[in-house]
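Novice: My questions all concern the structure below.
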Amino acid sequence: MDCHCTRRSFMKGGALALLGLGAIPHFLVRAAYAQGGVSRPKILIAVFQRGAVDGLSMVVPHGDPSYYGARGSIAIARPGGSQGSLDLDGFFGLHPSMAALKPIWDDRRLALVHACGSPDTTRSHFDAQDYMESGTPGVKSTPDGWLARGLQAAPATSSSPFRAVAMGSQMPRTLRGELGAIAMGSAGDFDVKQGMAGMGGGVNARAGFESLYEQGVKDILHGTGRETFEAVKMLKAAKLERFQPENGAQYPRGKFGDNLKQIAQLIKADVGLQVAFADMGGWDTHAAQGNERGQLANRLTEFSDGLAALYRDLGDRMADVVVLTMSEFGRTVRENGNRGTDHGHATAMLVLGGPVKGGRAYGRWPGLAPEQLYEGRDLAVTTDFRHLFAEVAVRHLGIPASAPIFPGFSTNPAKYPGALV
Amino acid sequence: MRARVGSLPLLAVAVLAASACSSAPRSRQAAVPALQAAPEPAPAVRVMLPATSLSEEQRIVHALNRLGYGPRPGDVERVRQMGLAKWMERQLEPSRIPDERAQAALQAFPTLTRSVPELVLAYPEPDPKLLAKVQSGEMTQQEMRQMAPPERRPFRIPAELQAAKLTRAVMSERQLEEVMTDFWFNHFNVDARKGAVKWMVADYERTAIRPHALGKFRDLLLATARHPAMLFYLDNWMSTRADLVMAAGPNKGRRMGLNENYAREIMELHTLGVDGGYTQQDVIEVARAFTGWTIERPREQGTFVFRPAAHDQGAKKVLGHVLPGYGGEQDGIHVIDILARHPATARFIATKLVRRFVSDEPPPALIERAARTFQDTDGDIRKVVATIVSSPEFFSADAYGAKIKKPIELVASAVRAVGGEIALPGDPGSQQVGGGLALALQVAKLGEPLYQQQPPTGYPDVAEAWVNTGALLNRLNFALALAQNRIPGVQVDIGRAVGAADREKPPQVLDALLASLLQGQARPETRAVLAAQLDNPEIIRATSDDRKAAAGRPAANTPTANTDVDKLAALVLGSPEFQRR
């Protein structure tokens, strides 16, 4: 049959071949790390808060004179009281449900960028998520995601099939593209599912498929097939279940905590992970948003408990890890008629990890007085999200600043928020 | 507005979980369609088969794979008896193919045929206050389901549409119509998750896409341009003349203006192509022409309306054509005519169709001929497709098996190959959306969530997009799940595919499977690998059990015998050959 090789399959096939077919690359990789011959890859974990998180409740600008006037019943109390926001720098405070993150801030490993967002004016979740994930606000036909483009331009520190992993059964836009990222509902799903467990048929379908794709045919299917079985073996050999949460880390119950836990396992198993993606919903608080308690508070508890557990679990390994949180836009400054908030503009994003210059808020605060608001209603954007994402990509992942991660957008180190070492 | 854009598959799972789809589907014996009709009038288009190096069997298999979703048991023989050219002529004229069985099955999906205003009324968005109560723990999911049952929520509409799409792909005799409907939906993509599109998407496919799938391109373009699903998805409904201030309604006092989104995509993606020779000024002029093409209250009524007050009454100049002032609603129709008849459009559409039917690298000479047919026939899609599928390039050895099946093609063709039956909603034990939705979830897992492609480009039609590590693993797991009858609401009987082969002779069983699932087109290496599998302990053990069982009762009915054959069938369905068409 004709050769349908692509540049991608050729490159990946070539890189895998270097590790040796049939061998278990995992051990080779570990051995190489142990000898100090190869440095561990830098890892980025991107966390998407889908539905537009209320940045003004997540990171409370309690020092802004207009905050309490505009927010009515949904305002988060000033620091000090038992239910008050957790003061960070005299101006901003964390929502009281996010106490788990406070020690990380105090350790200077957590930073925030407030009034961050997209220059595009859309208030559609759909379009705004699309723009943030493709990295091209206003341009809908971009075929791939910013992080897929970015990682392709990164120095090839890892040729692993697990270079980029999205937790979830479908590939998020952020990682779509030629890169060939893997989406998995859970690590346990990443295998040939034999069915008929009682029949003792543990190996045969997998072995059969493997032989079918091992034939010496040079086309995209066979190449990918060989990679696939290599990847399945690699994950099996990695024995992720060996890596239970350490240092007393307790992940919150639910999908988000599970996903973060599995990302930590992939990191500890040294499978060559460079980029991981997880998301969490439930932020679209149009009604009964709550204040120190309630709907949003519950989501923030799960969110921050998850991130804090990951930080604790990874321990020293956080030296190579950055977690970046994002959301498609923020919410209206004023409380609406249903004790909730509607779609707004800027929000707050968090950056957490060893390489973070933490304990600081970055970005210019535009203010909440009526004349300071975007279109008279929303927190204005003072930091284009692409400057922040570019900083993480370039400074942390080592992607060349010249790489076209954000086509048509001019960014450079002078414009970065400066949150990373 | 829903908090999570990617939530449709989750909801679909919930809908499925609420149903126990394990029981047998309705008995449907009449698997053989009535092909011998009364004397037929002359076909709308004559197909002359070119000389080719392919065998007759290969030609038929190729046509069944490319003009449809692959052969069912017996299809190759039926086409042979009818004559391939005649079969293709009939496929090109679907209204003349009786299709009662599929039509009857579609009755099970009531949302498919209802108008947008009816659907908006019957499937309202749940009250956000209820959602908030669930989020904060004041209300359980159970209580929420009682107050706003999933089958009465808006996402029931795209869920039924997904289920119907798989049901049709597997069951319909009008295979080319299904392929073309999929092709054009993808070309004029909308995403059901964006705002009000969920109420409009079924109507969009039924009234704008399907009737014109083999009709005139100009009619298709116009139907999509005026449909609320497209107007909403690409924002044209919000586009107005510059500086219009809303005089009434919820946005009273708000300053509106031009939105170029649709204008750009209609040229870049729907007609001329990105290199089709238009400028940014053309984008602006086209956007001005379409001002006023909007939607009557999208979340309450959802029908097309032209609003003169929003229309830019000035003169426009589009691709060198002058549109005099005060054209009103006609401005947009004028633009449709200019774009539909532009030579760049003929070329762009011809290229995409040749890529779909022939090869990821479309042969330039065939593009040229298809584009000429497009221009000579004023964009008659039936004739353009006929030019392509009766060409030497189509029947060339290079084209044979050269395309990688995209996920829906793989899933539908696998179910067809094994003669699978899809349970319908209302079938005993399958009161929800039936087996079609379970198959759609498989398609989503393989990377093609139906009606949920975010960018307006639609899904790509080249191998690289569909072949990657995670997706391939899911293809293999789908093959296993299907062959082992583990997909809820889908029943397969692999035993039938094996037919009369002697179960005590595994090589005979293998050959029977290769004949029925791959029409004997397996490469020798593949057959050798599979034959080697016959030595593996599991299959031998199972076979000896089979022999013991055979002493007492017929082997075909013993579960042990089936387990064995099922796994072998899964290997065939997961083979590299079956991933190609």
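Ordering of the structure tokens sets the chain letters (A, B, ...), residue numbers begin anew at 1 in every chain, and ligands are numbered from 1 in the order given.
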Fewer than 6 positions away in the same chain doesn't count, so skip those; otherwise give me all residues within 9 Å of Lys102 of chain A, counting only C-alpha atoms, as a PyMOL selection string.
Specialist: chain A and resi 86+88+94+110
Novice: Specify as number ranges by chain all residues of chain B found within 8 Å of chain A, counting only C-alpha atoms.
Specialist: B: 1-5, 128-129, 132-133, 135-137, 193-195, 398, 402, 444-445, 447, 454-457, 463-465, 467-470, 472-473, 476-477, 480-481, 484, 525-526, 529-530, 533, 536, 538, 567, 571, 574-576
Novice: Tell me, as an MDAnalysis selection string, which residues lie within 7 Å of Leu437 of chain B, counting only C-alpha atoms; anything in the same chain fewer than 6 positions away does not count.
Specialist: chainID B and resid 159 162:163
Novice: Dump all heavy atoms for the selected residues as a short mmCIF file (atom, residue, chain, number, x, y, z; two decimals), in the first residue's frame?
Specialist:
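Result written to selection-v9.cif:
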data_model
loop_
_atom_site.label_atom_id
_atom_site.label_comp_id
_atom_site.auth_asym_id
_atom_site.auth_seq_id
_atom_site.Cartn_x
_atom_site.Cartn_y
_atom_site.Cartn_z
N ALA B 159 -29.22 15.26 20.72
CA ALA B 159 -29.01 13.84 21.04
C ALA B 159 -29.80 12.97 20.08
O ALA B 159 -29.29 11.96 19.56
CB ALA B 159 -29.41 13.57 22.49
N GLN B 162 -28.14 13.05 16.65
CA GLN B 162 -26.97 12.16 16.60
C GLN B 162 -27.41 10.71 16.41
O GLN B 162 -26.87 9.99 15.58
CB GLN B 162 -26.19 12.22 17.92
CG GLN B 162 -25.43 13.49 18.15
CD GLN B 162 -24.64 13.40 19.46
OE1 GLN B 162 -25.12 12.85 20.44
NE2 GLN B 162 -23.44 13.93 19.46
N ALA B 163 -28.39 10.30 17.22
CA ALA B 163 -28.87 8.92 17.15
C ALA B 163 -29.45 8.65 15.76
O ALA B 163 -29.20 7.59 15.16
CB ALA B 163 -29.92 8.68 18.23
#
Novice: Residues near segment 304-314 of chain B, anyone? I mean within 7 Å using only C-alpha atoms, not counting same-chain ones fewer than 6 positions away, as a VMD selection string.
Specialist: chain B and resid 226 to 228 240 to 241 244 288 291 to 296 325 to 329
Novice: Atom CA of Thr325 of chain A to atom CA of Gly353 of chain A: how many Å, to one decimal?
Specialist: 11.8 Å
Novice: Within 9 Å of segment 361-374 of chain A, counting only C-alpha atoms, which residues show up once you throw out same-chain ones fewer than 4 positions away? Write them as a ChimeraX atom specification, please.
Specialist: /A:64-67,70,88-89,92,111-116,333,344-346,378-383,417-419
Novice: Create the file for the chosen residues now, containing N, CA, C and O atoms and written as a JSON list (two decimals), in the first residue's frame.
Specialist:
[["chain", "number", "residue", "atom", "x", "y", "z"],
["A", 64, "ASP", "N", -10.50, 47.93, 46.99],
["A", 64, "ASP", "CA", -11.07, 48.87, 46.02],
["A", 64, "ASP", "C", -12.32, 49.52, 46.64],
["A", 64, "ASP", "O", -13.23, 48.81, 47.08],
["A", 65, "PRO", "N", -12.35, 50.85, 46.65],
["A", 65, "PRO", "CA", -13.45, 51.53, 47.34],
["A", 65, "PRO", "C", -14.83, 51.23, 46.73],
["A", 65, "PRO", "O", -15.85, 51.42, 47.40],
["A", 66, "SER", "N", -14.88, 50.79, 45.47],
["A", 66, "SER", "CA", -16.18, 50.57, 44.83],
["A", 66, "SER", "C", -16.69, 49.14, 44.99],
["A", 66, "SER", "O", -17.82, 48.83, 44.63],
["A", 67, "TYR", "N", -15.84, 48.25, 45.48],
["A", 67, "TYR", "CA", -16.18, 46.83, 45.47],
["A", 67, "TYR", "C", -17.46, 46.55, 46.25],
["A", 67, "TYR", "O", -18.40, 45.94, 45.73],
["A", 70, "ALA", "N", -20.82, 47.89, 44.78],
["A", 70, "ALA", "CA", -21.34, 47.31, 43.55],
["A", 70, "ALA", "C", -21.85, 45.89, 43.75],
["A", 70, "ALA", "O", -22.71, 45.43, 43.02],
["A", 88, "LEU", "N", -4.08, 39.00, 51.02],
["A", 88, "LEU", "CA", -2.84, 38.61, 50.35],
["A", 88, "LEU", "C", -1.80, 39.71, 50.42],
["A", 88, "LEU", "O", -0.64, 39.48, 50.75],
["A", 89, "ASP", "N", -2.24, 40.95, 50.10],
["A", 89, "ASP", "CA", -1.25, 42.03, 50.02],
["A", 89, "ASP", "C", -1.81, 43.37, 50.48],
["A", 89, "ASP", "O", -1.32, 44.41, 50.09],
["A", 92, "PHE", "N", -5.74, 42.77, 47.69],
["A", 92, "PHE", "CA", -6.46, 41.58, 47.26],
["A", 92, "PHE", "C", -6.55, 40.57, 48.40],
["A", 92, "PHE", "O", -5.67, 40.51, 49.25],
["A", 111, "ALA", "N", 1.25, 32.97, 42.46],
["A", 111, "ALA", "CA", 1.08, 34.36, 42.04],
["A", 111, "ALA", "C", -0.27, 34.49, 41.36],
["A", 111, "ALA", "O", -0.90, 33.48, 41.01],
["A", 112, "LEU", "N", -0.73, 35.71, 41.20],
["A", 112, "LEU", "CA", -1.98, 35.90, 40.47],
["A", 112, "LEU", "C", -1.84, 37.07, 39.51],
["A", 112, "LEU", "O", -1.04, 37.98, 39.73],
["A", 113, "VAL", "N", -2.60, 36.97, 38.42],
["A", 113, "VAL", "CA", -2.67, 38.07, 37.47],
["A", 113, "VAL", "C", -4.13, 38.47, 37.40],
["A", 113, "VAL", "O", -4.98, 37.68, 36.96],
["A", 114, "HIS", "N", -4.43, 39.65, 37.91],
["A", 114, "HIS", "CA", -5.83, 40.08, 37.92],
["A", 114, "HIS", "C", -6.09, 40.99, 36.73],
["A", 114, "HIS", "O", -5.16, 41.48, 36.09],
["A", 115, "ALA", "N", -7.39, 41.15, 36.43],
["A", 115, "ALA", "CA", -7.81, 41.96, 35.27],
["A", 115, "ALA", "C", -7.17, 41.41, 33.99],
["A", 115, "ALA", "O", -6.72, 42.14, 33.12],
["A", 116, "CYS", "N", -7.12, 40.09, 33.93],
["A", 116, "CYS", "CA", -6.52, 39.40, 32.78],
["A", 116, "CYS", "C", -7.65, 38.87, 31.91],
["A", 116, "CYS", "O", -8.71, 38.49, 32.41],
["A", 333, "VAL", "N", -19.60, 43.27, 37.26],
["A", 333, "VAL", "CA", -19.23, 43.78, 38.57],
["A", 333, "VAL", "C", -20.46, 43.83, 39.47],
["A", 333, "VAL", "O", -20.42, 43.46, 40.64],
["A", 344, "GLY", "N", -19.15, 38.84, 31.91],
["A", 344, "GLY", "CA", -18.38, 40.08, 31.96],
["A", 344, "GLY", "C", -17.17, 40.04, 31.06],
["A", 344, "GLY", "O", -17.24, 39.48, 29.96],
["A", 345, "HIS", "N", -16.07, 40.60, 31.54],
["A", 345, "HIS", "CA", -14.90, 40.75, 30.67],
["A", 345, "HIS", "C", -13.65, 40.15, 31.33],
["A", 345, "HIS", "O", -13.38, 38.98, 31.16],
["A", 346, "ALA", "N", -12.91, 40.92, 32.13],
["A", 346, "ALA", "CA", -11.66, 40.40, 32.68],
["A", 346, "ALA", "C", -11.91, 39.53, 33.91],
["A", 346, "ALA", "O", -12.95, 39.63, 34.57],
["A", 378, "ASP", "N", -18.16, 46.02, 33.31],
["A", 378, "ASP", "CA", -17.27, 44.89, 33.61],
["A", 378, "ASP", "C", -15.87, 45.36, 33.99],
["A", 378, "ASP", "O", -15.43, 46.43, 33.59],
["A", 379, "LEU", "N", -15.17, 44.48, 34.72],
["A", 379, "LEU", "CA", -13.76, 44.71, 34.97],
["A", 379, "LEU", "C", -13.02, 44.76, 33.64],
["A", 379, "LEU", "O", -13.18, 43.87, 32.81],
["A", 380, "ALA", "N", -12.23, 45.82, 33.45],
["A", 380, "ALA", "CA", -11.52, 45.98, 32.17],
["A", 380, "ALA", "C", -10.32, 45.02, 32.11],
["A", 380, "ALA", "O", -9.77, 44.63, 33.14],
["A", 381, "VAL", "N", -9.94, 44.67, 30.90],
["A", 381, "VAL", "CA", -8.75, 43.82, 30.71],
["A", 381, "VAL", "C", -7.52, 44.72, 30.63],
["A", 381, "VAL", "O", -7.44, 45.59, 29.77],
["A", 382, "THR", "N", -6.57, 44.51, 31.54],
["A", 382, "THR", "CA", -5.31, 45.26, 31.44],
["A", 382, "THR", "C", -4.15, 44.34, 31.05],
["A", 382, "THR", "O", -3.09, 44.81, 30.68],
["A", 383, "THR", "N", -4.34, 43.02, 31.18],
["A", 383, "THR", "CA", -3.32, 42.09, 30.71],
["A", 383, "THR", "C", -3.97, 41.14, 29.71],
["A", 383, "THR", "O", -4.88, 40.39, 30.06],
["A", 417, "PRO", "N", 3.85, 39.54, 32.10],
["A", 417, "PRO", "CA", 3.54, 40.02, 33.45],
["A", 417, "PRO", "C", 4.75, 39.90, 34.39],
["A", 417, "PRO", "O", 4.87, 40.68, 35.34],
["A", 418, "GLY", "N", 5.60, 38.92, 34.16],
["A", 418, "GLY", "CA", 6.81, 38.79, 34.99],
["A", 418, "GLY", "C", 6.63, 37.86, 36.17],
["A", 418, "GLY", "O", 7.36, 37.94, 37.15],
["A", 419, "ALA", "N", 5.68, 36.93, 36.07],
["A", 419, "ALA", "CA", 5.36, 36.07, 37.20],
["A", 419, "ALA", "C", 6.30, 34.86, 37.32],
["A", 419, "ALA", "O", 6.22, 34.12, 38.29]]
Novice: Can you work out the spacing between atom CA of Asp127 of chain B and atom CA of Glu292 of chain A in Å, to one decimal?
Specialist: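 That distance, rounded to one decimal, is 23.6 Å.
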Novice: So which residues touch Gln83 of chain A within 10 Å, counting only C-alpha atoms, skipping near sequence neighbours fewer than 6 positions away, as a ChimeraX atom specification?
Specialist: /A:76-77,95-97,291-293
Novice: Just to be explicit: take each residue in the selection above, keep all heavy atoms, and write the result as a short mmCIF file (atom, residue, chain, number, x, y, z; two decimals), in the first residue's frame.
Specialist:
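As written to disk, selection.cif reads:
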data_model
loop_
_atom_site.label_atom_id
_atom_site.label_comp_id
_atom_site.auth_asym_id
_atom_site.auth_seq_id
_atom_site.Cartn_x
_atom_site.Cartn_y
_atom_site.Cartn_z
N ILE A 76 -17.72 39.48 49.07
CA ILE A 76 -16.99 38.66 50.04
C ILE A 76 -16.42 39.62 51.10
O ILE A 76 -15.77 40.61 50.76
CB ILE A 76 -15.84 37.89 49.36
CG1 ILE A 76 -16.34 37.16 48.10
CG2 ILE A 76 -15.17 36.94 50.35
CD1 ILE A 76 -17.40 36.10 48.34
N ALA A 77 -16.67 39.28 52.37
CA ALA A 77 -16.35 40.21 53.45
C ALA A 77 -14.86 40.57 53.50
O ALA A 77 -14.01 39.82 53.03
CB ALA A 77 -16.77 39.60 54.78
N HIS A 95 -10.71 34.20 48.27
CA HIS A 95 -12.01 33.77 48.80
C HIS A 95 -11.75 32.85 50.00
O HIS A 95 -10.84 32.01 49.95
CB HIS A 95 -12.77 33.03 47.71
CG HIS A 95 -14.19 32.74 48.08
ND1 HIS A 95 -14.54 31.71 48.93
CD2 HIS A 95 -15.36 33.32 47.72
CE1 HIS A 95 -15.86 31.70 49.09
NE2 HIS A 95 -16.37 32.66 48.35
N PRO A 96 -12.54 32.97 51.06
CA PRO A 96 -12.26 32.16 52.26
C PRO A 96 -12.30 30.65 51.99
O PRO A 96 -11.67 29.89 52.73
CB PRO A 96 -13.37 32.57 53.23
CG PRO A 96 -14.37 33.35 52.44
CD PRO A 96 -13.63 33.92 51.28
N SER A 97 -12.97 30.23 50.93
CA SER A 97 -12.98 28.79 50.62
C SER A 97 -11.66 28.32 50.06
O SER A 97 -11.46 27.13 49.86
CB SER A 97 -14.05 28.50 49.56
OG SER A 97 -15.30 28.75 50.08
N ASN A 291 -22.03 34.03 48.59
CA ASN A 291 -20.90 34.90 48.94
C ASN A 291 -19.79 34.08 49.58
O ASN A 291 -19.13 33.31 48.90
CB ASN A 291 -21.35 36.07 49.81
CG ASN A 291 -22.37 35.62 50.86
OD1 ASN A 291 -22.26 34.53 51.42
ND2 ASN A 291 -23.37 36.43 51.10
N GLU A 292 -19.61 34.24 50.93
CA GLU A 292 -18.59 33.42 51.59
C GLU A 292 -18.98 31.95 51.56
O GLU A 292 -18.13 31.08 51.64
CB GLU A 292 -18.38 33.86 53.04
CG GLU A 292 -17.82 35.28 53.18
CD GLU A 292 -18.92 36.33 53.16
OE1 GLU A 292 -20.12 35.94 53.25
OE2 GLU A 292 -18.60 37.52 53.04
N ARG A 293 -20.29 31.71 51.48
CA ARG A 293 -20.78 30.35 51.34
C ARG A 293 -21.72 30.27 50.15
O ARG A 293 -22.20 31.29 49.68
CB ARG A 293 -21.58 29.93 52.59
CG ARG A 293 -20.70 29.82 53.80
CD ARG A 293 -21.47 29.27 54.95
NE ARG A 293 -20.63 29.30 56.13
CZ ARG A 293 -20.99 28.76 57.28
NH1 ARG A 293 -22.18 28.20 57.40
NH2 ARG A 293 -20.18 28.81 58.31
#
Novice: If you run DSSP over the backbone, which residues in segment 62-196 of chain A end up strand (DSSP E or B)? Put them as a PyMOL selection string.
Specialist: chain A and resi 86-87+93-94+110-117+164-167+182-184
Novice: Restricting the calculation to only C-alpha atoms: of B:Phe478, B:Ala192, B:Val462, B:Leu221, which residue gets closest to Leu410 of chain B?
Specialist: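 Checking each candidate against Leu410 of chain B, we get B:Phe478 as the closest.
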